[in-house]
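Q: mmCIF, C-alpha atoms, file model31.cif:
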data_coords
#
loop_
_atom_site.group_PDB
_atom_site.id
_atom_site.type_symbol
_atom_site.label_atom_id
_atom_site.label_comp_id
_atom_site.auth_asym_id
_atom_site.auth_seq_id
_atom_site.Cartn_x
_atom_site.Cartn_y
_atom_site.Cartn_z
ATOM 1 C CA MET A 1 -1.415 -57.142 -46.186
ATOM 2 C CA HIS A 2 -0.693 -53.415 -46.461
ATOM 3 C CA VAL A 3 -2.243 -51.305 -43.741
ATOM 4 C CA THR A 4 -2.693 -47.605 -44.454
ATOM 5 C CA PRO A 5 -2.232 -45.521 -41.277
ATOM 6 C CA LEU A 6 -5.091 -43.244 -40.366
ATOM 7 C CA ALA A 7 -4.212 -39.579 -40.763
ATOM 8 C CA ALA A 8 -5.008 -37.881 -37.535
ATOM 9 C CA ASP A 9 -6.295 -34.385 -37.892
ATOM 10 C CA SER A 10 -4.993 -32.811 -34.737
ATOM 11 C CA GLY A 11 -6.081 -29.326 -35.776
ATOM 12 C CA PRO A 12 -4.253 -26.116 -34.848
ATOM 13 C CA PRO A 13 -2.146 -26.148 -31.692
ATOM 14 C CA ILE A 14 -3.680 -24.792 -28.499
ATOM 15 C CA PHE A 15 -0.957 -22.163 -28.155
ATOM 16 C CA GLN A 16 0.468 -20.405 -31.201
ATOM 17 C CA TRP A 17 3.685 -18.468 -30.787
ATOM 18 C CA LYS A 18 3.128 -16.884 -34.204
ATOM 19 C CA TRP A 19 0.034 -15.138 -32.838
ATOM 20 C CA VAL A 20 2.078 -13.833 -29.891
ATOM 21 C CA ASP A 21 4.756 -12.536 -32.261
ATOM 22 C CA ARG A 22 2.204 -10.815 -34.520
ATOM 23 C CA ASN A 23 0.474 -9.160 -31.554
ATOM 24 C CA ALA A 24 3.520 -8.366 -29.411
ATOM 25 C CA ASP A 25 2.905 -4.594 -29.502
ATOM 26 C CA ASP A 26 -0.744 -5.042 -28.505
ATOM 27 C CA ILE A 27 0.252 -7.386 -25.647
ATOM 28 C CA VAL A 28 2.704 -4.812 -24.295
ATOM 29 C CA GLN A 29 0.055 -2.081 -24.549
ATOM 30 C CA ARG A 30 -2.591 -4.140 -22.749
ATOM 31 C CA LEU A 31 -0.098 -5.132 -20.055
ATOM 32 C CA GLY A 32 0.738 -1.456 -19.530
ATOM 33 C CA GLU A 33 -2.965 -0.621 -19.217
ATOM 34 C CA HIS A 34 -3.388 -3.411 -16.664
ATOM 35 C CA ILE A 35 -0.456 -2.150 -14.608
ATOM 36 C CA SER A 36 -1.695 1.460 -14.789
ATOM 37 C CA LEU A 37 -5.204 0.586 -13.604
ATOM 38 C CA THR A 38 -3.803 -1.550 -10.789
ATOM 39 C CA ALA A 39 -1.258 1.039 -9.632
ATOM 40 C CA VAL A 40 -3.698 3.968 -9.642
ATOM 41 C CA ALA A 41 -6.424 1.975 -7.871
ATOM 42 C CA LEU A 42 -3.994 0.745 -5.205
ATOM 43 C CA GLY A 43 -2.504 4.202 -4.739
ATOM 44 C CA ILE A 44 -5.894 5.851 -4.254
ATOM 45 C CA GLY A 45 -7.094 3.000 -2.060
ATOM 46 C CA LEU A 46 -4.005 3.232 0.153
ATOM 47 C CA VAL A 47 -4.294 7.001 0.628
ATOM 48 C CA VAL A 48 -8.013 6.801 1.468
ATOM 49 C CA SER A 49 -7.423 3.796 3.732
ATOM 50 C CA ILE A 50 -4.716 5.608 5.701
ATOM 51 C CA ALA A 51 -7.075 8.547 6.215
ATOM 52 C CA LEU A 52 -9.919 6.266 7.347
ATOM 53 C CA ALA A 53 -7.577 4.265 9.585
ATOM 54 C CA LEU A 54 -6.292 7.444 11.247
ATOM 55 C CA LEU A 55 -9.883 8.532 11.801
ATOM 56 C CA SER A 56 -10.667 5.142 13.328
ATOM 57 C CA LEU A 57 -7.609 5.269 15.579
ATOM 58 C CA ARG A 58 -8.446 8.786 16.736
ATOM 59 C CA PHE A 59 -12.163 8.120 17.264
ATOM 60 C CA ARG A 60 -12.540 4.452 18.152
ATOM 61 C CA TRP A 61 -16.328 4.570 17.942
ATOM 62 C CA SER A 62 -16.048 5.255 14.197
ATOM 63 C CA TYR A 63 -14.084 2.073 13.448
ATOM 64 C CA GLY A 64 -17.175 -0.136 13.259
ATOM 65 C CA PHE A 65 -18.916 2.294 10.909
ATOM 66 C CA VAL A 66 -15.854 2.550 8.669
ATOM 67 C CA LEU A 67 -15.508 -1.236 8.403
ATOM 68 C CA SER A 68 -19.229 -1.647 7.751
ATOM 69 C CA ALA A 69 -19.155 0.925 4.957
ATOM 70 C CA ALA A 70 -16.000 -0.590 3.438
ATOM 71 C CA GLY A 71 -17.542 -4.056 3.711
ATOM 72 C CA ALA A 72 -20.699 -2.884 1.932
ATOM 73 C CA LEU A 73 -18.622 -1.483 -0.922
ATOM 74 C CA TYR A 74 -16.577 -4.682 -1.094
ATOM 75 C CA VAL A 75 -19.574 -6.922 -1.742
ATOM 76 C CA ILE A 76 -20.948 -4.834 -4.620
ATOM 77 C CA PRO A 77 -20.460 -6.829 -7.855
ATOM 78 C CA SER A 78 -17.843 -5.164 -10.036
ATOM 79 C CA LEU A 79 -20.030 -5.071 -13.144
ATOM 80 C CA GLY A 80 -22.834 -3.505 -11.111
ATOM 81 C CA ALA A 81 -20.482 -0.822 -9.789
ATOM 82 C CA PHE A 82 -19.248 -0.049 -13.304
ATOM 83 C CA ALA A 83 -22.837 0.154 -14.582
ATOM 84 C CA VAL A 84 -23.784 2.674 -11.885
ATOM 85 C CA LEU A 85 -20.821 4.923 -12.705
ATOM 86 C CA VAL A 86 -21.047 4.818 -16.517
ATOM 87 C CA PRO A 87 -23.875 7.439 -16.704
ATOM 88 C CA PHE A 88 -21.691 9.867 -14.714
ATOM 89 C CA PHE A 89 -18.203 9.248 -16.118
ATOM 90 C CA GLY A 90 -18.843 7.265 -19.303
ATOM 91 C CA LEU A 91 -16.630 4.371 -20.400
ATOM 92 C CA SER A 92 -13.581 6.018 -18.897
ATOM 93 C CA PHE A 93 -10.522 5.318 -16.780
ATOM 94 C CA VAL A 94 -12.257 6.971 -13.814
ATOM 95 C CA THR A 95 -15.222 4.593 -14.083
ATOM 96 C CA ALA A 96 -12.858 1.643 -13.736
ATOM 97 C CA VAL A 97 -10.609 3.067 -11.025
ATOM 98 C CA ILE A 98 -13.298 4.089 -8.517
ATOM 99 C CA PRO A 99 -14.698 0.574 -7.892
ATOM 100 C CA LEU A 100 -11.215 -0.965 -8.004
ATOM 101 C CA ALA A 101 -10.027 1.459 -5.331
ATOM 102 C CA THR A 102 -13.065 0.912 -3.107
ATOM 103 C CA TYR A 103 -12.489 -2.850 -3.112
ATOM 104 C CA THR A 104 -9.131 -2.302 -1.381
ATOM 105 C CA LEU A 105 -10.539 -0.270 1.529
ATOM 106 C CA LEU A 106 -11.821 -3.112 3.706
ATOM 107 C CA ILE A 107 -8.526 -5.005 3.532
ATOM 108 C CA LEU A 108 -6.230 -2.018 3.980
ATOM 109 C CA VAL A 109 -8.129 -0.147 6.719
ATOM 110 C CA ARG A 110 -8.421 -3.298 8.814
ATOM 111 C CA ASN A 111 -4.727 -4.145 8.412
ATOM 112 C CA ILE A 112 -3.531 -0.628 9.204
ATOM 113 C CA VAL A 113 -5.598 -0.432 12.387
ATOM 114 C CA THR A 114 -4.643 -3.982 13.393
ATOM 115 C CA GLY A 115 -0.967 -3.283 12.767
ATOM 116 C CA VAL A 116 -1.000 -0.179 14.950
ATOM 117 C CA ASP A 117 -2.942 -1.972 17.688
ATOM 118 C CA GLN A 118 -0.305 -4.709 17.774
ATOM 119 C CA VAL A 119 2.481 -2.287 18.712
ATOM 120 C CA PRO A 120 3.533 -3.235 22.280
ATOM 121 C CA ASN A 121 2.354 -0.851 25.002
ATOM 122 C CA GLU A 122 5.856 -0.692 26.508
ATOM 123 C CA VAL A 123 7.117 0.773 23.222
ATOM 124 C CA ARG A 124 4.473 3.490 23.370
ATOM 125 C CA GLU A 125 5.224 4.246 27.010
ATOM 126 C CA ALA A 126 8.951 4.488 26.306
ATOM 127 C CA ALA A 127 8.342 6.884 23.399
ATOM 128 C CA ILE A 128 6.008 9.059 25.484
ATOM 129 C CA GLY A 129 8.606 9.078 28.248
ATOM 130 C CA MET A 130 11.135 10.408 25.722
ATOM 131 C CA GLY A 131 8.828 13.323 24.924
ATOM 132 C CA TYR A 132 7.110 12.069 21.770
ATOM 133 C CA THR A 133 3.854 13.824 20.936
ATOM 134 C CA ARG A 134 0.839 11.776 19.795
ATOM 135 C CA GLY A 135 1.529 12.679 16.173
ATOM 136 C CA ARG A 136 5.228 11.797 16.340
ATOM 137 C CA LEU A 137 4.391 8.565 18.133
ATOM 138 C CA LEU A 138 2.016 7.567 15.339
ATOM 139 C CA TRP A 139 4.182 8.476 12.345
ATOM 140 C CA GLN A 140 7.628 7.638 13.708
ATOM 141 C CA ILE A 141 6.905 4.648 15.945
ATOM 142 C CA GLU A 142 3.511 3.009 15.483
ATOM 143 C CA LEU A 143 3.116 3.081 11.692
ATOM 144 C CA PRO A 144 6.702 1.926 10.993
ATOM 145 C CA LEU A 145 6.261 -0.970 13.425
ATOM 146 C CA ALA A 146 2.906 -1.766 11.782
ATOM 147 C CA LEU A 147 4.489 -1.994 8.314
ATOM 148 C CA PRO A 148 4.612 -5.821 8.129
ATOM 149 C CA VAL A 149 0.866 -6.073 8.759
ATOM 150 C CA VAL A 150 0.120 -3.145 6.428
ATOM 151 C CA ILE A 151 2.198 -4.622 3.602
ATOM 152 C CA ALA A 152 0.550 -8.009 4.136
ATOM 153 C CA GLY A 153 -2.797 -6.328 3.523
ATOM 154 C CA LEU A 154 -1.386 -4.470 0.538
ATOM 155 C CA ARG A 155 -0.238 -7.770 -0.968
ATOM 156 C CA VAL A 156 -3.738 -9.208 -0.709
ATOM 157 C CA ALA A 157 -5.282 -6.015 -2.105
ATOM 158 C CA ALA A 158 -2.811 -5.929 -4.996
ATOM 159 C CA VAL A 159 -3.439 -9.510 -6.080
ATOM 160 C CA THR A 160 -7.207 -8.997 -5.767
ATOM 161 C CA THR A 161 -7.078 -5.794 -7.818
ATOM 162 C CA ILE A 162 -5.008 -7.391 -10.583
ATOM 163 C CA GLY A 163 -7.688 -10.048 -10.908
ATOM 164 C CA LEU A 164 -10.522 -7.498 -10.898
ATOM 165 C CA VAL A 165 -8.865 -5.322 -13.555
ATOM 166 C CA THR A 166 -9.602 -8.044 -16.120
ATOM 167 C CA VAL A 167 -13.304 -7.229 -15.703
ATOM 168 C CA THR A 168 -12.718 -3.670 -16.969
ATOM 169 C CA SER A 169 -12.405 -5.140 -20.466
ATOM 170 C CA MET A 170 -16.206 -5.099 -20.443
ATOM 171 C CA LEU A 171 -15.911 -1.298 -20.505
ATOM 172 C CA GLY A 172 -13.540 -1.433 -23.448
ATOM 173 C CA LEU A 173 -10.675 -0.176 -21.301
ATOM 174 C CA GLY A 174 -8.297 -2.909 -22.323
ATOM 175 C CA GLY A 175 -5.973 -4.507 -19.870
ATOM 176 C CA LEU A 176 -5.165 -8.184 -20.122
ATOM 177 C CA GLY A 177 -8.860 -8.987 -19.770
ATOM 178 C CA TYR A 178 -9.247 -7.795 -23.366
ATOM 179 C CA PHE A 179 -7.543 -10.954 -24.615
ATOM 180 C CA ILE A 180 -9.731 -13.183 -22.447
ATOM 181 C CA ARG A 181 -12.939 -11.521 -23.654
ATOM 182 C CA HIS A 182 -11.889 -11.323 -27.289
ATOM 183 C CA GLY A 183 -10.585 -14.885 -27.314
ATOM 184 C CA ILE A 184 -13.936 -16.179 -26.057
ATOM 185 C CA GLN A 185 -16.243 -13.958 -28.101
ATOM 186 C CA THR A 186 -14.717 -14.528 -31.550
ATOM 187 C CA ALA A 187 -16.597 -16.810 -33.951
ATOM 188 C CA THR A 188 -13.841 -19.395 -33.482
ATOM 189 C CA PRO A 189 -12.551 -19.126 -29.910
ATOM 190 C CA ASN A 190 -8.829 -18.418 -29.807
ATOM 191 C CA PRO A 191 -7.221 -20.332 -26.907
ATOM 192 C CA THR A 192 -3.930 -18.510 -27.446
ATOM 193 C CA GLU A 193 -5.520 -15.159 -26.579
ATOM 194 C CA ILE A 194 -7.178 -16.618 -23.496
ATOM 195 C CA ILE A 195 -3.935 -18.217 -22.312
ATOM 196 C CA VAL A 196 -2.018 -14.970 -22.860
ATOM 197 C CA GLY A 197 -4.602 -12.944 -20.902
ATOM 198 C CA VAL A 198 -4.873 -15.385 -18.005
ATOM 199 C CA GLY A 199 -1.177 -16.292 -17.955
ATOM 200 C CA LEU A 200 0.123 -12.727 -17.921
ATOM 201 C CA SER A 201 -2.404 -11.765 -15.229
ATOM 202 C CA VAL A 202 -1.113 -14.577 -13.018
ATOM 203 C CA VAL A 203 2.523 -13.680 -13.725
ATOM 204 C CA LEU A 204 1.829 -10.018 -12.954
ATOM 205 C CA ALA A 205 0.152 -10.942 -9.669
ATOM 206 C CA VAL A 206 3.101 -13.142 -8.668
ATOM 207 C CA VAL A 207 5.658 -10.459 -9.578
ATOM 208 C CA VAL A 208 3.812 -7.695 -7.690
ATOM 209 C CA ASP A 209 3.359 -9.944 -4.653
ATOM 210 C CA LEU A 210 7.074 -10.789 -4.706
ATOM 211 C CA LEU A 211 8.063 -7.124 -4.980
ATOM 212 C CA LEU A 212 5.864 -6.201 -2.029
ATOM 213 C CA TRP A 213 7.312 -9.080 -0.014
ATOM 214 C CA LEU A 214 10.819 -7.854 -0.790
ATOM 215 C CA SER A 215 9.833 -4.306 0.173
ATOM 216 C CA GLU A 216 8.646 -5.612 3.542
ATOM 217 C CA ARG A 217 12.004 -7.279 4.155
ATOM 218 C CA LEU A 218 13.762 -4.060 3.144
ATOM 219 C CA LEU A 219 11.589 -1.654 5.143
ATOM 220 C CA ALA A 220 11.082 -3.896 8.172
ATOM 221 C CA PRO A 221 14.315 -5.892 8.535
ATOM 222 C CA TRP A 222 13.571 -6.693 12.185
ATOM 223 C CA THR A 223 10.862 -9.135 11.093
ATOM 224 C CA ARG A 224 13.525 -11.436 9.663
ATOM 225 C CA LYS A 225 15.204 -11.711 13.062
ATOM 226 C CA VAL A 226 11.899 -12.457 14.782
ATOM 227 C CA ARG A 227 11.056 -15.217 12.282
ATOM 228 C CA ALA A 228 14.535 -16.694 12.536
ATOM 229 C CA ARG A 229 14.118 -17.387 16.267
#
Let me see the structure of the file written as structure tokens.
A:
Amino acid sequence: MHVTPLAADSGPPIFQWKWVDRNADDIVQRLGEHISLTAVALGIGLVVSIALALLSLRFRWSYGFVLSAAGALYVIPSLGAFAVLVPFFGLSFVTAVIPLATYTLLILVRNIVTGVDQVPNEVREAAIGMGYTRGRLLWQIELPLALPVVIAGLRVAAVTTIGLVTVTSMLGLGGLGYFIRHGIQTATPNPTEIIVGVGLSVVLAVVVDLLLWLSERLLAPWTRKVRAR
């Protein structure tokens, strides 16, 4: 007896390289937008965090207020923060960067202050004995020794920001979140777009984290000797 095999309709593949090839220029553009938003937000967040940390170190009573304010900003939902800023700045780069930068403050301020506090007292006393002023002690001794803790906080803030940047696609600002949103919202969901958006976001986060880890080993080589013991 002749048996006719059933033709299985497997449908289109989940991931289509042809789509990637056709949209290569758009992928590069969106990746660049994602990197730009992340870099600017981290840069602003780091500068503001250093200023707030210095204030907290100079006036210890202000540290609790600074952390409370940064914590309050951190728990604001990203879409809610964007919605509040849209009437003032429109659907612009500034609208996206302000909330992204504020989300880094709690992590960075806490790590900067903690890193400085962990500097051994004998190191401070030796520096003061050599004639270091309070400013020189901070910039030339305490902050360099606090670098491992500061960079650890920066790594967390960077990975968090890369993930949050995907939400800015709701503002039409692009970034890799554009592919996630567009892939879901089309009449026929496109898994390739979603995979590209999610996959490149993860790869970017891993690469940035690795670069920051390498920068820590370069800028604070003494930490390798401590860990090797």
Q: Taking into account all atoms listed in the file, which residue in the set A:Leu54, A:Thr102, A:Glu193, A:Gly32 is nearest to Arg134 (chain A)?
A: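 Ranking A:Leu54, A:Thr102, A:Glu193, A:Gly32 by distance to Arg134 (chain A), first place goes to A:Leu54.
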Q: Taking the file as shown, find all residues satisfying the PyMOL selection byres ((chain A and resi 147) around 8) and write them as a ChimeraX atom specification.
A: /A:115,143-146,148-151,216,219-220
Q: May I ask which of the residues A:Arg155, A:Arg58, A:Arg217, A:Lys18 is the closest one to Leu108 (chain A), counting only C-alpha atoms?
A: A:Arg155
Q: Show me, as a list of chain:residue names, the residues that have an atom within 10 Å of Ile98 (chain A) when counting all atoms listed in the file, minus same-chain residues fewer than 5 positions from it.
A: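 After dropping sequence-adjacent residues, the list is A:Val40, A:Ala41, A:Ile44, A:Gly45, A:Ala81, A:Phe82, A:Leu85, A:Phe93, A:Tyr103.
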Q: So how far away is CA of Leu105 (chain A) from CA of Tyr74 (chain A), in Å?
A: 7.9 Å
Q: Interatomic distance between CA of Ala158 (chain A) and CA of Phe88 (chain A)?
A: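 CA of Phe88 (chain A) lies 26.5 Å from CA of Ala158 (chain A).
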Q: Which is closer to Val165 (chain A) than all the others in A:Ala72, A:Ile27, A:Ala53, A:Leu37, using all atoms listed in the file?
A: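 Among the listed residues, the smallest separation from Val165 (chain A) belongs to A:Leu37.
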Q: Could you expand the PyMOL selection byres ((chain A and resi 204) around 12) into the explicit residues it covers here, written as a ChimeraX atom specification?
A: /A:31-32,34-35,38-39,158-163,165,175-176,196-203,205-211
Q: Please, could you write that set of residues out with C-alpha atoms as a PDB file, in the coordinates of the input?
A:
ATOM      1  CA  LEU A  31      -0.098  -5.132 -20.055  1.00  0.00           C
ATOM      2  CA  GLY A  32       0.738  -1.456 -19.530  1.00  0.00           C
ATOM      3  CA  HIS A  34      -3.388  -3.411 -16.664  1.00  0.00           C
ATOM      4  CA  ILE A  35      -0.456  -2.150 -14.608  1.00  0.00           C
ATOM      5  CA  THR A  38      -3.803  -1.550 -10.789  1.00  0.00           C
ATOM      6  CA  ALA A  39      -1.258   1.039  -9.632  1.00  0.00           C
ATOM      7  CA  ALA A 158      -2.811  -5.929  -4.996  1.00  0.00           C
ATOM      8  CA  VAL A 159      -3.439  -9.510  -6.080  1.00  0.00           C
ATOM      9  CA  THR A 160      -7.207  -8.997  -5.767  1.00  0.00           C
ATOM     10  CA  THR A 161      -7.078  -5.794  -7.818  1.00  0.00           C
ATOM     11  CA  ILE A 162      -5.008  -7.391 -10.583  1.00  0.00           C
ATOM     12  CA  GLY A 163      -7.688 -10.048 -10.908  1.00  0.00           C
ATOM     13  CA  VAL A 165      -8.865  -5.322 -13.555  1.00  0.00           C
ATOM     14  CA  GLY A 175      -5.973  -4.507 -19.870  1.00  0.00           C
ATOM     15  CA  LEU A 176      -5.165  -8.184 -20.122  1.00  0.00           C
ATOM     16  CA  VAL A 196      -2.018 -14.970 -22.860  1.00  0.00           C
ATOM     17  CA  GLY A 197      -4.602 -12.944 -20.902  1.00  0.00           C
ATOM     18  CA  VAL A 198      -4.873 -15.385 -18.005  1.00  0.00           C
ATOM     19  CA  GLY A 199      -1.177 -16.292 -17.955  1.00  0.00           C
ATOM     20  CA  LEU A 200       0.123 -12.727 -17.921  1.00  0.00           C
ATOM     21  CA  SER A 201      -2.404 -11.765 -15.229  1.00  0.00           C
ATOM     22  CA  VAL A 202      -1.113 -14.577 -13.018  1.00  0.00           C
ATOM     23  CA  VAL A 203       2.523 -13.680 -13.725  1.00  0.00           C
ATOM     24  CA  ALA A 205       0.152 -10.942  -9.669  1.00  0.00           C
ATOM     25  CA  VAL A 206       3.101 -13.142  -8.668  1.00  0.00           C
ATOM     26  CA  VAL A 207       5.658 -10.459  -9.578  1.00  0.00           C
ATOM     27  CA  VAL A 208       3.812  -7.695  -7.690  1.00  0.00           C
ATOM     28  CA  ASP A 209       3.359  -9.944  -4.653  1.00  0.00           C
ATOM     29  CA  LEU A 210       7.074 -10.789  -4.706  1.00  0.00           C
ATOM     30  CA  LEU A 211       8.063  -7.124  -4.980  1.00  0.00           C
TER      31      LEU A 211
END
Q: For the file shown, what are the residues hit by the PyMOL selection byres ((chain A and resi 123) around 12), laid out as a list in words?
A: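 Applied to this file, the PyMOL selection byres ((chain A and resi 123) around 12) selects Val116, Asp117, Gln118, Val119, Pro120, Asn121, Glu122, Arg124, Glu125, Ala126, Ala127, Ile128, Gly129, Met130, Tyr132, Leu137, Leu138, Gln140, Ile141, Glu142 and Leu145 of chain A.
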Q: A:Leu173, A:Leu55, A:Ala24, A:Leu212: which is nearest Ala96 (chain A), counting only C-alpha atoms?
A: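 With only C-alpha atoms as the atom set, the closest residue is A:Leu173.
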Q: Mind pulling up the distance from CA of Leu57 (chain A) to CA of Gly135 (chain A)?
A: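 Here the two named atoms are 11.8 Å from each other.
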Q: Closest to Val86 (chain A) among A:Leu171, A:Ile112, A:Val28, A:Leu214, using all atoms listed in the file?
A: A:Leu171
Q: Which one is closest to Val48 (chain A): A:Asn111, A:Pro221, A:Phe179, A:Thr104? Count only C-alpha atoms.
A: A:Thr104
Q: With 6 Å of padding per side, what axis-aligned box (centre and edge lengths, Å, one decimal) covers all the listed atoms of region 194-204 of chain A? Give it as AutoDock Vina command-line options.
A:
--center_x -2.3 --center_y -14.1 --center_z -18.2 --size_x 21.7 --size_y 20.2 --size_z 22.5
Q: Dump as a PyMOL selection string all residues having an atom at most 6 Å from (-16.2, -1.7, -18.4), computed in the file's coordinates with only C-alpha atoms.
A: chain A and resi 168-172
